[in-house]
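See structure below.
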Amino acid sequence: MKVPKILLVASFLLLGFIPPPKHINIYMIGDSTMCLYGNDQRPVTGWGMPFADYFDNSVTIKNMAKGGRSTRTFVGENRWQPIVDSLHEGDYVLIQFGHNDESNAPKYAERYTPVEDYKKYLIKFITESRGKNAFPVLITPVTRRNFDKDGKIKETHLEYSNAVREIGASYKIPVIDLDEKSRDLVGKLGPETSKLIYMGLDTLEHPNYPVGRSDNTHFNEYGARLMAELVLNEIKNQHLPLADRIVKGQNTSTVNPQVK
Amino acid sequence: MWRSVNNNKIQVKALLLAISLLIIYAFTLPVKHITIYLAGDSTMADKEIKAYPETGWGMPFRVFFDSTVTVVNKAKNGRSTKSFIAEGLWKSITDNLKEGDYVLIQFGHNDEVPTKATYTPEADFKTNLVEFISETRERKATPILITPVARRKFNTGGDIEDTHAVYAQLVRDVAAKNNVPLIDLDKKSMDMLQKLGPEKSKLYFNYLQPGENPNYPDGKSDDTHFSELGARKIAELVLAEIRNVQPDLATRILKSKNLEIK
């Protein structure tokens with residue numbers, strides 16, 4: 001079939017007038033595995049930090065995650081309401097809690113949130129986001145580095161990850177199963193290599209941690225980026241409209257144009 | 001009785017005086033603010049966001065020092081000593097260099113390859129390094145020479161190969177002859193990569209699966225440029241050597257307490 005020329009010209013003209021995508025905000029709410037860190041705490045890195053590097057300029061990332069917070073304390077400290085107040089139509093809210101909600105040791109009583117309450121808070125985040133015509137996205141808690149004696153990685157968030165999956169299904173909210181994805185990734189790295197992506201440091205290795213550190217929960221800059229990649233790829237795999245705003249890279253590596 | 005009270009008063013006054021003097025002393029000798037300039041190639045340079053997660057070791061290096069130090073990273077992708085001078089990058093350092101500043105100099109990757117436009121023959125490489133040293137010293141600043149950081153190149157037996165043997169030795173020779181502090185990063189980083197071995201060492205370099213990272217849809221297997229982890233580990237090696245070769249600069253390394261991560 002031959003396309004009439006006038007139609008071609010018209011479609012080119014129309015293309016030229018397609019408005020640029022509306023500017024949106026992505027609010028990130030969660031815990032220490034997602035949050036921002038200052039130079040004085042490097043190399044610990046929340047996955048929300050590298051995540052922000054991979055969107056085009058139609059997106060502003062507002063990383064409101066805070067270390068040590070459960071759904072309950074995040075709301076209780078009035079960290080949620082100001083976000084609701086500033087949400088605009090088309091904004092996204094990425095929700096990843098669990099690490100502190102599930103901590104039932106006595107010393108963490110101040111953050112512990114029984115799973116039934118956890119669900120209620122997730123529902124609150126969802127309904128209030130939708131109330132502002134924003135898109136909530138649920139994320140299961142990222143994995144810990146916890147291997148059994150046979151070198152198999154353990155699921156440490158089961159009850160809380162299941163709660164996220166359940167609420168996601170019943171409220172028809174996209175769920176990014178970061179718990180599962182990251183567990184696969186860390187499991188494949190294995191007990192030894194996986195140390196390289198968490199916040200372990202030798203004595204005097206880094207001036208911010210002169211006595212060193214061992215840590216199986218928090219990621220270093222590399223692990224945080226791997227986790228961010230998992231989330232970015234799930235946004236693409238699930239065809240969330242947000243995927244269109246992820247940068248389309250050119251495989252730009254470092255080659256000086258002078259060097260041929 | 002009276003005398004004893006008086007003695008006490010004198011003692012209190014003496015103590016107050018001593019404390020005041022200490023406080024004054026603490027404020028009369030502020031540590032002079034200095035700048036550390038980084039001169040080098042892509043393995044050291046700051047990267048554009050579109051090239052992430054490729055990372056130059058100058059990027060994590062920046063956070064290691066206290067507030068009396070500013071780190072200015074002038075290193076640039078693809079540069080040799082020759083092109084660094086020709087493009088005015090070296091001059092942008094000397095124009096601003098002040099007494100007490102430092103210049104960390106790491107070249108070689110682009111000097112040593114004869115097929116590259118940036119190729120700098122051995123004699124010229126040495127001449128350029130000597131020029132960097134003398135121009136830095138003329139301004140009463142301190143040059144520190146650094147041998148080129150290792151590539152990830154293992155032989156079939158799993159032993160790391162020195163891909164900079166000739167040019168790293170030139171740096172060592174120039175440093176020794178001119179009495180310049182030397183950080184033998186080629187050797188230190190080869191040792192580090194050898195300990196990791198061929199597989200684990202990939203995590204230190206920009207190795208990406210196809211579809212893994214939005215900036216590199218086709219994936220990447222780069223044995224020269226670092227990941228954020230490798231860049232930081234290299235920066236840590238440089239810092240450890242600064243403690244050895246330049247103790248006065250080491251006094252300005254951050255003195256932190258391990259902060260709690262909640």
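Ligands are numbered from 1 in the order shown, residues from 1 within each chain, and chains are lettered A, B, ... in the order they appear in the structure tokens.
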| Residues near region 230-247 of chain A, cut-off 10 Å, only C-alpha atoms, skip fewer than 5 positions along chain, as a ChimeraX atom specification | /A:21,24,26,47-48,51-59,90-92,135,137,139,174-178,181-182,185,224-225 /B:50,211-215
Please produce an output containing C-alpha atoms for each residue in the selection, written as a short mmCIF file (atom, residue, chain, number, x, y, z; two decimals), in the first residue's frame.
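Final output, saved to part.cif:
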```cif
data_model
loop_
_atom_site.label_atom_id
_atom_site.label_comp_id
_atom_site.auth_asym_id
_atom_site.auth_seq_id
_atom_site.Cartn_x
_atom_site.Cartn_y
_atom_site.Cartn_z
CA PRO A 21 6.78 14.34 28.62
CA ILE A 24 7.23 14.11 37.34
CA ILE A 26 9.57 9.95 42.08
CA TRP A 47 20.23 2.02 46.35
CA GLY A 48 18.16 5.15 45.83
CA PHE A 51 19.00 4.81 41.03
CA ALA A 52 18.65 8.57 40.57
CA ASP A 53 21.46 8.64 37.98
CA TYR A 54 19.49 6.65 35.40
CA PHE A 55 16.49 8.85 34.59
CA ASP A 56 16.14 11.54 31.95
CA ASN A 57 15.58 15.15 32.91
CA SER A 58 11.79 14.78 32.94
CA VAL A 59 12.18 13.12 36.34
CA GLY A 90 1.49 11.42 37.65
CA ASP A 91 4.14 11.31 40.38
CA TYR A 92 5.40 7.94 41.60
CA PHE A 135 1.32 5.84 41.20
CA VAL A 137 4.90 0.94 43.51
CA ILE A 139 9.02 -3.15 46.62
CA PRO A 174 2.91 -3.14 40.75
CA VAL A 175 5.22 -5.15 43.01
CA ILE A 176 8.94 -5.17 42.37
CA ASP A 177 10.12 -8.33 44.07
CA LEU A 178 13.51 -6.99 45.06
CA LYS A 181 15.75 -10.68 42.66
CA SER A 182 18.50 -9.58 45.02
CA LEU A 185 21.95 -12.17 42.63
CA ALA A 224 23.73 -0.27 45.88
CA ARG A 225 24.17 0.15 42.14
CA LYS B 50 26.19 9.01 31.20
CA GLY B 211 20.77 -5.22 29.56
CA GLU B 212 22.11 -4.81 33.07
CA ASN B 213 22.83 -1.08 33.09
CA PRO B 214 20.84 1.56 31.16
CA ASN B 215 24.03 3.36 30.09
#
```
Against chain B, which residues of chain A fall within 9 Å? For each one I want the closest pair of atoms and the distance in Å (one decimal), counting only C-alpha atoms, rows by chain and increasing residue number, as a tab-separated table.
```
residue	atom	partner	partner_atom	distance
A:Asp31	CA	B:Lys262	CA	8.7
A:Ser32	CA	B:Lys262	CA	6.4
A:Asn39	CA	B:Val63	CA	6.2
A:Asp40	CA	B:Val63	CA	7.7
A:Gln41	CA	B:Leu259	CA	6.8
A:Arg42	CA	B:Val63	CA	8.1
A:Pro43	CA	B:Arg232	CA	8.4
A:Val44	CA	B:Ile261	CA	8.4
A:Pro50	CA	B:Pro53	CA	8.8
A:Asp53	CA	B:Ile49	CA	6.7
A:Tyr54	CA	B:Pro214	CA	6.8
A:Lys66	CA	B:Lys262	CA	8.7
A:Gly67	CA	B:Lys262	CA	5.0
A:Gly68	CA	B:Lys262	CA	4.7
A:Arg69	CA	B:Lys262	CA	8.5
A:Thr193	CA	B:Lys200	CA	6.7
A:Leu196	CA	B:Leu203	CA	8.1
A:Ile197	CA	B:Leu229	CA	8.2
A:Leu204	CA	B:Ala240	CA	8.5
A:Glu205	CA	B:Glu236	CA	6.4
A:His206	CA	B:Glu236	CA	6.7
A:Pro207	CA	B:Leu254	CA	5.8
A:Asn208	CA	B:Ser256	CA	5.3
A:Tyr209	CA	B:Asn258	CA	4.5
A:Pro210	CA	B:Asn258	CA	6.4
A:Val211	CA	B:Asn258	CA	6.9
A:Gly212	CA	B:Asn258	CA	7.8
A:Arg213	CA	B:Asn258	CA	8.3
A:His218	CA	B:Ile261	CA	8.2
A:Asn220	CA	B:Leu229	CA	7.9
A:Glu221	CA	B:Glu228	CA	6.4
A:Tyr222	CA	B:Leu229	CA	5.4
A:Gly223	CA	B:Leu229	CA	8.8
A:Arg225	CA	B:Pro53	CA	8.0
A:Leu226	CA	B:Glu212	CA	8.7
A:Glu229	CA	B:Asn213	CA	6.1
A:Leu230	CA	B:Glu212	CA	7.9
A:Leu232	CA	B:Pro214	CA	8.2
A:Asn233	CA	B:Glu212	CA	7.4
A:Ile246	CA	B:Pro214	CA	7.2
A:Val247	CA	B:Pro214	CA	6.1
A:Lys248	CA	B:Pro214	CA	6.0
A:Gly249	CA	B:Asn215	CA	3.8
A:Gln250	CA	B:Asn215	CA	6.3
A:Asn251	CA	B:Tyr216	CA	4.1
A:Thr252	CA	B:Ala51	CA	5.7
A:Ser253	CA	B:Ala51	CA	5.9
A:Thr254	CA	B:Asn77	CA	6.4
A:Val255	CA	B:Gly78	CA	6.4
A:Asn256	CA	B:Gly78	CA	4.8
A:Pro257	CA	B:Gly78	CA	8.3
A:Gln258	CA	B:Ala117	CA	6.6
A:Val259	CA	B:Lys116	CA	5.5
A:Lys260	CA	B:Lys116	CA	6.3
```
| said: If I take CA of Tyr198 (chain A) and CA of Phe74 (chain A), how far is one from the other in Å, to one decimal? | reply: 24.6 Å
Out of region 219-256 of chain B, which residues get strand (DSSP E) from DSSP, as a PDB file with C-alpha atoms, in the first residue's frame?
```pdb
ATOM      1  CA  LYS B 220      30.707  -4.057  28.792  1.00  0.00           C
ATOM      2  CA  SER B 221      33.904  -5.949  29.558  1.00  0.00           C
ATOM      3  CA  ASP B 222      36.448  -3.277  30.354  1.00  0.00           C
ATOM      4  CA  ASP B 223      39.810  -4.335  31.807  1.00  0.00           C
ATOM      5  CA  THR B 224      41.152  -0.794  32.159  1.00  0.00           C
ATOM      6  CA  HIS B 225      38.402   1.348  33.662  1.00  0.00           C
ATOM      7  CA  PHE B 226      37.045   0.804  37.143  1.00  0.00           C
TER       8      PHE B 226
END
```
| query | Could you state the separation of CA of His33 (chain B) and CA of Thr68 (chain B) in Å, given to one decimal place? | reply | 4.6 Å
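One distance worth recording is that between CA of Ser189 (chain B) and CA of Met227 (chain A), which is 27.1 Å.
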| DSSP alpha helix (DSSP H) residues within region 68-232 of chain B, listed as number ranges by chain | B: 81-86, 89-94, 122-138, 165-177, 185-200, 228-232
| said: Need to verify the contact set: Lys126 (chain B), 10 Å, only C-alpha atoms, exclusion of same-chain residues closer than 4 positions in sequence. Can you return it as a list in words? | reply: Thr81, Thr120, Pro121, Glu122, Val130, Glu131, Phe132, Tyr167, Leu170, Val171, Asp173, Val174 and Ala175 of chain B
| request: Can you pull out every residue within 7 Å of Thr70 (chain B), counting only C-alpha atoms, but drop anything in the same chain fewer than 5 positions away, and send it as a list of chain:residue names? | output: B:Ile34, B:Thr35, B:Ile36
Could the residues in this selection be written to a file with C-alpha atoms, as an mmCIF file, in the first residue's frame?
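Contents of again-v5.cif, as written:
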```
data_model
loop_
_atom_site.group_PDB
_atom_site.id
_atom_site.type_symbol
_atom_site.label_atom_id
_atom_site.label_comp_id
_atom_site.auth_asym_id
_atom_site.auth_seq_id
_atom_site.Cartn_x
_atom_site.Cartn_y
_atom_site.Cartn_z
ATOM 1 C CA ILE B 34 45.753 23.512 50.791
ATOM 2 C CA THR B 35 44.741 22.041 47.469
ATOM 3 C CA ILE B 36 45.631 18.616 46.109
#
```
